[in-house]
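Shown next: work-v2.csv, containing CSV, C-alpha atoms.
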```csv
chain,number,residue,atom,x,y,z
A,1,MET,CA,-17.5,-17.2,-21.8
A,2,GLN,CA,-15.2,-16.4,-24.7
A,3,TYR,CA,-17.5,-13.5,-25.7
A,4,PHE,CA,-17.1,-12.1,-22.2
A,5,TYR,CA,-13.3,-12.0,-22.4
A,6,ASP,CA,-13.3,-10.7,-26.0
A,7,LYS,CA,-15.6,-7.8,-25.0
A,8,MET,CA,-13.4,-7.0,-22.0
A,9,ASP,CA,-10.2,-7.0,-24.2
A,10,THR,CA,-11.8,-4.6,-26.7
A,11,ASP,CA,-13.3,-2.2,-24.2
A,12,PRO,CA,-11.6,1.2,-24.6
A,13,ALA,CA,-11.9,1.8,-20.9
A,14,MET,CA,-10.0,-1.4,-20.2
A,15,ALA,CA,-7.3,-0.3,-22.6
A,16,ASN,CA,-6.9,2.9,-20.7
A,17,PHE,CA,-6.9,1.0,-17.4
A,18,LYS,CA,-4.1,-1.3,-18.6
A,19,VAL,CA,-1.9,1.7,-19.5
A,20,LEU,CA,-2.5,3.4,-16.2
A,21,PHE,CA,-2.1,0.2,-14.3
A,22,VAL,CA,1.4,-0.4,-15.8
A,23,LEU,CA,2.3,3.2,-15.2
A,24,THR,CA,1.3,2.8,-11.6
A,25,GLN,CA,3.6,-0.2,-11.2
A,26,LEU,CA,6.5,1.6,-12.9
A,27,ILE,CA,6.1,4.6,-10.6
A,28,GLY,CA,5.9,2.3,-7.6
A,29,LEU,CA,9.0,0.4,-8.5
A,30,THR,CA,10.9,3.7,-9.2
A,31,MET,CA,9.8,4.9,-5.8
A,32,ILE,CA,11.3,1.9,-4.1
A,33,VAL,CA,14.5,2.1,-6.1
A,34,LEU,CA,14.9,5.8,-5.5
A,35,MET,CA,14.4,5.3,-1.7
A,36,GLY,CA,17.0,2.5,-1.8
A,37,CYS,CA,19.4,4.8,-3.6
A,38,TRP,CA,18.8,7.6,-1.2
A,39,ILE,CA,19.5,5.3,1.7
A,40,GLY,CA,22.5,3.6,0.1
A,41,VAL,CA,24.2,6.7,-1.3
A,42,HIS,CA,23.4,9.4,1.3
A,43,MET,CA,22.1,7.8,4.5
A,44,GLY,CA,24.9,5.3,5.1
A,45,GLY,CA,23.2,2.1,3.9
A,46,LEU,CA,21.7,-0.6,6.1
A,47,ALA,CA,22.7,-2.1,9.3
A,48,GLY,CA,21.5,-4.2,12.3
A,49,THR,CA,21.2,-3.5,16.0
A,50,SER,CA,24.9,-3.0,16.4
A,51,ASN,CA,24.5,0.4,14.6
A,52,PRO,CA,21.1,1.8,15.7
A,53,SER,CA,21.4,5.0,13.8
A,54,ILE,CA,21.9,3.1,10.5
A,55,GLU,CA,19.4,0.4,11.4
A,56,PHE,CA,16.8,3.2,11.2
A,57,ASN,CA,17.2,3.2,7.4
A,58,TRP,CA,15.3,-0.1,7.3
A,59,HIS,CA,12.2,1.9,8.4
A,60,PRO,CA,11.6,4.1,5.4
A,61,LEU,CA,12.6,1.4,2.9
A,62,LEU,CA,10.4,-1.3,4.3
A,63,MET,CA,7.5,1.1,4.9
A,64,THR,CA,7.8,2.2,1.2
A,65,ILE,CA,7.6,-1.4,0.1
A,66,GLY,CA,5.0,-2.6,2.5
A,67,LEU,CA,2.6,0.1,3.6
A,68,ILE,CA,2.7,2.0,0.3
A,69,PHE,CA,3.6,-0.2,-2.7
A,70,LEU,CA,2.1,-3.5,-1.5
A,71,TYR,CA,-0.8,-1.9,0.3
A,72,GLY,CA,-1.7,0.0,-3.0
A,73,ASN,CA,-1.3,-3.2,-5.0
A,74,ALA,CA,-3.5,-5.2,-2.6
A,75,ILE,CA,-6.2,-2.6,-3.2
A,76,LEU,CA,-5.8,-2.9,-7.0
A,77,VAL,CA,-5.8,-6.7,-7.1
A,78,TYR,CA,-9.5,-7.0,-8.0
A,79,ARG,CA,-9.2,-4.6,-10.9
A,80,GLY,CA,-5.7,-5.4,-12.0
A,81,PHE,CA,-6.4,-9.2,-12.3
A,82,ARG,CA,-10.1,-9.1,-13.1
A,83,SER,CA,-10.1,-12.2,-15.2
A,84,LEU,CA,-9.3,-14.4,-12.2
A,85,ARG,CA,-12.1,-15.9,-10.1
A,86,LYS,CA,-13.4,-13.9,-7.1
A,87,LYS,CA,-12.2,-16.5,-4.6
A,88,THR,CA,-8.7,-16.4,-6.1
A,89,LEU,CA,-8.7,-12.7,-5.9
A,90,LYS,CA,-9.7,-12.7,-2.3
A,91,LEU,CA,-6.8,-15.0,-1.5
A,92,CYS,CA,-4.4,-12.8,-3.4
A,93,HIS,CA,-5.7,-9.7,-1.7
A,94,ALA,CA,-5.2,-11.3,1.7
A,95,ALA,CA,-1.8,-12.7,0.9
A,96,VAL,CA,-0.4,-9.4,-0.3
A,97,HIS,CA,-1.7,-7.7,2.8
A,98,VAL,CA,0.1,-10.4,4.9
A,99,VAL,CA,3.4,-9.6,3.2
A,100,ALA,CA,2.8,-5.9,3.7
A,101,PHE,CA,2.1,-6.5,7.4
A,102,VAL,CA,5.3,-8.5,8.0
A,103,LEU,CA,7.4,-5.7,6.3
A,104,THR,CA,5.6,-3.1,8.4
A,105,VAL,CA,6.3,-4.9,11.6
A,106,LEU,CA,10.0,-5.2,10.7
A,107,ALA,CA,10.0,-1.4,9.8
A,108,LEU,CA,8.5,-0.6,13.3
A,109,VAL,CA,11.1,-2.8,15.0
A,110,ALA,CA,13.9,-0.9,13.2
A,111,VAL,CA,12.6,2.5,14.2
A,112,PHE,CA,12.1,1.6,17.8
A,113,ASP,CA,15.5,-0.1,17.9
A,114,SER,CA,17.1,3.0,16.4
A,115,HIS,CA,15.7,5.1,19.3
A,116,ASN,CA,16.0,2.7,22.2
A,117,LEU,CA,19.4,1.1,21.5
A,118,ARG,CA,21.4,4.3,21.2
A,119,SER,CA,23.9,5.3,24.0
A,120,GLU,CA,21.5,8.2,24.6
A,121,PRO,CA,18.0,6.9,23.7
A,122,ILE,CA,15.6,9.1,21.8
A,123,PRO,CA,12.0,9.5,23.0
A,124,ASN,CA,9.4,7.5,21.0
A,125,MET,CA,6.0,8.6,19.7
A,126,TYR,CA,6.4,12.4,20.1
A,127,SER,CA,6.0,13.6,16.5
A,128,LEU,CA,2.9,13.9,14.4
A,129,HIS,CA,4.5,11.5,11.9
A,130,SER,CA,4.7,8.8,14.6
A,131,TRP,CA,1.1,9.4,15.7
A,132,LEU,CA,-0.4,9.3,12.1
A,133,GLY,CA,1.9,6.4,11.2
A,134,LEU,CA,0.8,4.3,14.1
A,135,ALA,CA,-2.8,5.2,13.3
A,136,ALA,CA,-2.3,4.0,9.8
A,137,VAL,CA,-0.8,0.7,11.0
A,138,ILE,CA,-3.6,0.1,13.5
A,139,MET,CA,-6.2,0.8,10.8
A,140,PHE,CA,-4.4,-1.5,8.4
A,141,CYS,CA,-4.5,-4.3,11.0
A,142,LEU,CA,-8.1,-3.8,12.0
A,143,GLN,CA,-9.1,-3.7,8.3
A,144,TYR,CA,-7.3,-7.0,7.7
A,145,VAL,CA,-9.0,-8.7,10.7
A,146,ALA,CA,-12.4,-7.4,9.8
A,147,GLY,CA,-12.0,-8.2,6.1
A,148,PHE,CA,-10.8,-11.7,6.8
A,149,ALA,CA,-13.8,-12.4,9.1
A,150,ALA,CA,-16.4,-10.9,6.8
A,151,PHE,CA,-15.2,-11.8,3.4
A,152,LEU,CA,-12.8,-14.7,3.5
A,153,ALA,CA,-13.7,-16.9,6.5
A,154,PRO,CA,-16.8,-19.1,5.9
A,155,GLY,CA,-20.1,-18.4,7.6
A,156,ALA,CA,-20.8,-14.7,6.9
A,157,LYS,CA,-24.2,-14.1,5.2
A,158,GLN,CA,-24.1,-12.5,1.8
A,159,SER,CA,-26.4,-9.7,3.1
A,160,VAL,CA,-23.8,-8.9,5.8
A,161,ARG,CA,-21.0,-8.9,3.3
A,162,ALA,CA,-22.9,-6.6,1.0
A,163,ALA,CA,-23.5,-4.1,3.9
A,164,LEU,CA,-19.9,-4.2,5.1
A,165,LEU,CA,-18.2,-3.9,1.6
A,166,PRO,CA,-18.6,-0.1,1.2
A,167,ILE,CA,-17.2,0.4,4.7
A,168,HIS,CA,-14.3,-2.0,4.1
A,169,VAL,CA,-13.5,-0.2,0.8
A,170,TYR,CA,-13.7,3.3,2.4
A,171,PHE,CA,-11.5,2.6,5.3
A,172,GLY,CA,-9.0,0.6,3.2
A,173,LEU,CA,-8.5,3.7,1.0
A,174,PHE,CA,-8.5,6.0,4.0
A,175,GLY,CA,-5.8,3.9,5.6
A,176,PHE,CA,-3.7,3.9,2.4
A,177,ILE,CA,-4.0,7.7,2.1
A,178,LEU,CA,-3.1,8.1,5.8
A,179,ALA,CA,0.0,5.9,5.3
A,180,ILE,CA,1.2,8.1,2.4
A,181,ALA,CA,0.5,11.2,4.5
A,182,ALA,CA,2.6,9.8,7.4
A,183,ALA,CA,5.3,8.7,5.0
A,184,LEU,CA,5.6,12.3,3.6
A,185,MET,CA,5.9,13.7,7.1
A,186,GLY,CA,8.5,11.0,8.0
A,187,ILE,CA,10.8,11.6,5.1
A,188,THR,CA,10.5,15.4,5.5
A,189,GLU,CA,11.4,15.0,9.2
A,190,LYS,CA,14.3,12.7,8.4
A,191,ALA,CA,15.6,15.1,5.7
A,192,ILE,CA,15.4,18.1,8.1
A,193,PHE,CA,17.4,16.2,10.7
A,194,SER,CA,19.9,14.5,8.4
A,195,VAL,CA,20.4,16.3,5.1
A,196,LYS,CA,23.1,18.9,5.5
A,197,ASP,CA,22.2,22.3,4.1
A,198,TYR,CA,18.7,21.0,3.1
A,199,SER,CA,17.5,24.5,2.3
A,200,ASN,CA,19.9,24.7,-0.6
A,201,LEU,CA,18.6,21.5,-2.1
A,202,PRO,CA,21.7,19.3,-2.3
A,203,SER,CA,21.5,16.0,-4.2
A,204,SER,CA,20.3,14.2,-1.1
A,205,GLY,CA,17.5,16.7,-0.6
A,206,VAL,CA,16.5,16.4,-4.3
A,207,MET,CA,16.3,12.6,-4.0
A,208,VAL,CA,14.2,12.6,-0.9
A,209,ASN,CA,11.9,15.2,-2.3
A,210,LEU,CA,11.4,13.2,-5.5
A,211,CYS,CA,10.6,10.1,-3.3
A,212,GLY,CA,7.8,12.2,-1.8
A,213,VAL,CA,6.5,13.3,-5.2
A,214,LEU,CA,6.4,9.7,-6.3
A,215,TYR,CA,4.5,8.7,-3.2
A,216,VAL,CA,1.8,11.3,-4.1
A,217,ILE,CA,1.7,10.2,-7.8
A,218,PHE,CA,1.5,6.5,-6.9
A,219,GLY,CA,-1.2,7.1,-4.3
A,220,ALA,CA,-3.2,9.3,-6.7
A,221,LEU,CA,-3.1,6.7,-9.5
A,222,VAL,CA,-4.2,3.9,-7.1
A,223,VAL,CA,-7.1,5.9,-5.8
A,224,TYR,CA,-8.1,6.9,-9.3
A,225,LEU,CA,-8.0,3.4,-10.7
A,226,VAL,CA,-9.9,1.9,-7.8
A,227,THR,CA,-12.6,4.6,-7.6
A,228,ASN,CA,-13.3,5.1,-11.4
A,229,PRO,CA,-16.6,3.2,-12.0
A,230,ASN,CA,-15.5,2.5,-15.6
A,231,TYR,CA,-12.7,0.3,-14.3
A,232,LYS,CA,-14.9,-1.8,-11.9
A,233,ARG,CA,-14.5,-5.5,-12.2
A,234,LYS,CA,-17.6,-7.2,-13.7
A,235,PRO,CA,-18.6,-10.5,-12.1
A,236,LEU,CA,-17.5,-13.6,-14.1
A,237,PRO,CA,-20.0,-16.5,-14.7
A,238,GLU,CA,-17.9,-18.6,-12.3
A,239,ASP,CA,-18.5,-16.0,-9.6
A,240,THR,CA,-22.3,-16.3,-10.0
A,241,VAL,CA,-22.1,-20.1,-9.7
A,242,LEU,CA,-19.9,-19.8,-6.6
A,243,LEU,CA,-22.2,-17.3,-5.0
A,244,THR,CA,-25.3,-19.5,-5.7
A,245,SER,CA,-23.5,-22.5,-4.2
A,246,ALA,CA,-22.6,-20.5,-1.1
A,247,ASN,CA,-26.1,-19.3,-0.6
A,248,ASP,CA,-27.5,-22.8,-1.0
```

Output the file's structure in the form of structure tokens.
Amino acid sequence: MQYFYDKMDTDPAMANFKVLFVLTQLIGLTMIVLMGCWIGVHMGGLAGTSNPSIEFNWHPLLMTIGLIFLYGNAILVYRGFRSLRKKTLKLCHAAVHVVAFVLTVLALVAVFDSHNLRSEPIPNMYSLHSWLGLAAVIMFCLQYVAGFAAFLAPGAKQSVRAALLPIHVYFGLFGFILAIAAALMGITEKAIFSVKDYSNLPSSGVMVNLCGVLYVIFGALVVYLVTNPNYKRKPLPEDTVLLTSAND
């Protein structure tokens, strides 16, 4: 057992992974802070249903935290915390997704309120951003339900899980990329509508553009870390024992 951990700690690939993993987290946190600053400094801050136009600001903030930062970290759980047992990682993976789901629902409530509660309501679901954003949310939810049933709930055969795993991984990454694409469209749309003289790049325009750049960098790092075969988590001895017991 000790040999296994010593080998993992001295593996050059793992040293590179740790650096990139920390960099990913720093970029993700910077992305959230920058979005918060853009909203607080240039977009009027945050509000409830009494001020629908400002209530909207919850939408980009919560989506940035939930459907980008937490979604990306849920994908990275198995590689970022590889020394934990597989069962523990499954629970962490599911728990982070639950938190991301709750924030996503709140973000959707905020955007629909901001349209419907105005004195002159704004139509819903007319833009490409809204179509792709809703598609990302639906895919996220379907992925969670399918993943819970196949990999976390008891009863599924190991052969079924092995067959479903590549599909689960593919659509998980596809949904994450789709969420980032929708977010880029959304902040661009908001900037065009709300940033005065956007074409001349005022400070507000620069901040929202930088948020978009950080979305792309964060997403690229997550996809790289989770698809690079050198960074794949190797099964622990405890996982083998757990798998054997489950099959028995």

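Between atom CA of Leu165 of chain A and atom CA of Ile177 of chain A the separation is 18.3 Å.
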
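Minimum distance to Val96 of chain A across A:Gly80, A:Gly66, A:Pro123, A:Pro229 (counting all atoms listed in the file) occurs at A:Gly66.
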
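Closest approach to Lys190 of chain A among A:His129, A:Arg233, A:Arg85, A:Lys90: A:His129, based on all atoms listed in the file.
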
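Proximity of A:Phe17, A:Gly147, A:Met207, A:Met63 to Pro166 of chain A, computed with only C-alpha atoms, is greatest for A:Gly147.
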
Any chance you could tabulate, as JSON lines, the residues of segment 8-71 of chain A at most 7 Å from segment 107-122 of chain A with each one's nearest atom pair and distance in Å to one decimal, using all atoms listed in the file, in chain and rising number order?
```
{"residue": "A:Thr49", "atom": "CA", "partner": "A:Asp113", "partner_atom": "CA", "distance": 6.9}
{"residue": "A:Pro52", "atom": "CA", "partner": "A:Ser114", "partner_atom": "CA", "distance": 4.2}
{"residue": "A:Ser53", "atom": "CA", "partner": "A:Ser114", "partner_atom": "CA", "distance": 5.4}
{"residue": "A:Glu55", "atom": "CA", "partner": "A:Ala110", "partner_atom": "CA", "distance": 5.9}
{"residue": "A:Phe56", "atom": "CA", "partner": "A:Val111", "partner_atom": "CA", "distance": 5.2}
{"residue": "A:Trp58", "atom": "CA", "partner": "A:Ala107", "partner_atom": "CA", "distance": 6.0}
{"residue": "A:His59", "atom": "CA", "partner": "A:Ala107", "partner_atom": "CA", "distance": 4.2}
{"residue": "A:Leu62", "atom": "CA", "partner": "A:Ala107", "partner_atom": "CA", "distance": 5.5}
{"residue": "A:Met63", "atom": "CA", "partner": "A:Ala107", "partner_atom": "CA", "distance": 6.0}
```

| message | Need to verify the contact set: Val33 of chain A, 12 Å, only C-alpha atoms, exclusion of same-chain residues closer than 5 positions in sequence. Can you return it as number ranges by chain? | response | A: 26-28, 38-41, 61-62, 64-65, 69, 207-208, 210-211, 214

For Ala150 of chain A: contacts at 9 Å, only C-alpha atoms, fewer than 3 positions along chain excluded, given as an NGL selection string = :A and (145-147 or 153-157 or 160-161 or 164-165)

Pairwise distance, atom CA of Leu152 of chain A with atom CA of Val102 of chain A, equals 19.7 Å

Using only C-alpha atoms, the best pick from A:Leu132, A:His168, A:Asp197, A:Ile32 as closest to Ala181 of chain A would be A:Leu132

Query raised in the report: How many Å lie between atom CA of Leu34 of chain A and atom CA of Pro60 of chain A, rounded to one decimal?
Result: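 Atom CA of Leu34 of chain A sits 11.5 Å away from atom CA of Pro60 of chain A.
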
Between A:Pro235, A:Thr188, A:Gly172, A:Leu221, smallest distance to Val19 of chain A by all atoms listed in the file belongs to A:Leu221

Using all atoms listed in the file, the residue out of A:Leu70, A:Ile167, A:Leu103, A:Val77 with shortest distance to Phe21 of chain A is A:Val77

Using the atoms already present, construct N, CA, C and O atoms for segment 226-240 of chain A and hand them back as a compact mmCIF listing (two decimals), keeping the file's coordinate frame.
```
# COMPACT_ATOMS: atom_id res chain seq x y z
N VAL A 226 -9.00 2.70 -8.56
CA VAL A 226 -9.90 1.90 -7.80
C VAL A 226 -11.26 2.57 -7.53
O VAL A 226 -12.22 1.92 -7.11
N THR A 227 -11.36 3.87 -7.83
CA THR A 227 -12.60 4.60 -7.60
C THR A 227 -13.36 4.89 -8.94
O THR A 227 -14.54 5.24 -8.91
N ASN A 228 -12.66 4.78 -10.07
CA ASN A 228 -13.30 5.10 -11.40
C ASN A 228 -14.30 3.94 -11.68
O ASN A 228 -13.90 2.78 -11.85
N PRO A 229 -15.59 4.25 -11.80
CA PRO A 229 -16.60 3.20 -12.00
C PRO A 229 -16.39 2.48 -13.39
O PRO A 229 -16.83 1.32 -13.55
N ASN A 230 -15.74 3.12 -14.35
CA ASN A 230 -15.50 2.50 -15.60
C ASN A 230 -14.53 1.31 -15.55
O ASN A 230 -14.50 0.46 -16.44
N TYR A 231 -13.74 1.30 -14.49
CA TYR A 231 -12.70 0.30 -14.30
C TYR A 231 -13.17 -0.84 -13.36
O TYR A 231 -12.38 -1.73 -13.03
N LYS A 232 -14.40 -0.77 -12.90
CA LYS A 232 -14.90 -1.80 -11.90
C LYS A 232 -14.93 -3.15 -12.54
O LYS A 232 -15.33 -3.33 -13.69
N ARG A 233 -14.49 -4.13 -11.76
CA ARG A 233 -14.50 -5.50 -12.20
C ARG A 233 -15.93 -6.01 -12.35
O ARG A 233 -16.73 -5.87 -11.44
N LYS A 234 -16.25 -6.61 -13.50
CA LYS A 234 -17.60 -7.20 -13.70
C LYS A 234 -17.53 -8.66 -13.28
O LYS A 234 -16.55 -9.36 -13.55
N PRO A 235 -18.58 -9.13 -12.61
CA PRO A 235 -18.60 -10.50 -12.10
C PRO A 235 -18.44 -11.52 -13.31
O PRO A 235 -19.00 -11.32 -14.39
N LEU A 236 -17.67 -12.56 -13.10
CA LEU A 236 -17.50 -13.60 -14.10
C LEU A 236 -18.64 -14.65 -13.87
O LEU A 236 -19.23 -14.73 -12.79
N PRO A 237 -18.95 -15.43 -14.90
CA PRO A 237 -20.00 -16.50 -14.70
C PRO A 237 -19.61 -17.43 -13.57
O PRO A 237 -20.50 -17.88 -12.85
N GLU A 238 -18.33 -17.73 -13.38
CA GLU A 238 -17.90 -18.60 -12.30
C GLU A 238 -18.26 -18.01 -10.92
O GLU A 238 -18.59 -18.72 -9.98
N ASP A 239 -18.19 -16.67 -10.82
CA ASP A 239 -18.50 -16.00 -9.60
C ASP A 239 -19.99 -16.22 -9.21
O ASP A 239 -20.34 -16.44 -8.06
N THR A 240 -20.85 -16.16 -10.22
CA THR A 240 -22.30 -16.30 -10.00
C THR A 240 -22.58 -17.74 -9.50
O THR A 240 -23.35 -17.95 -8.58
```
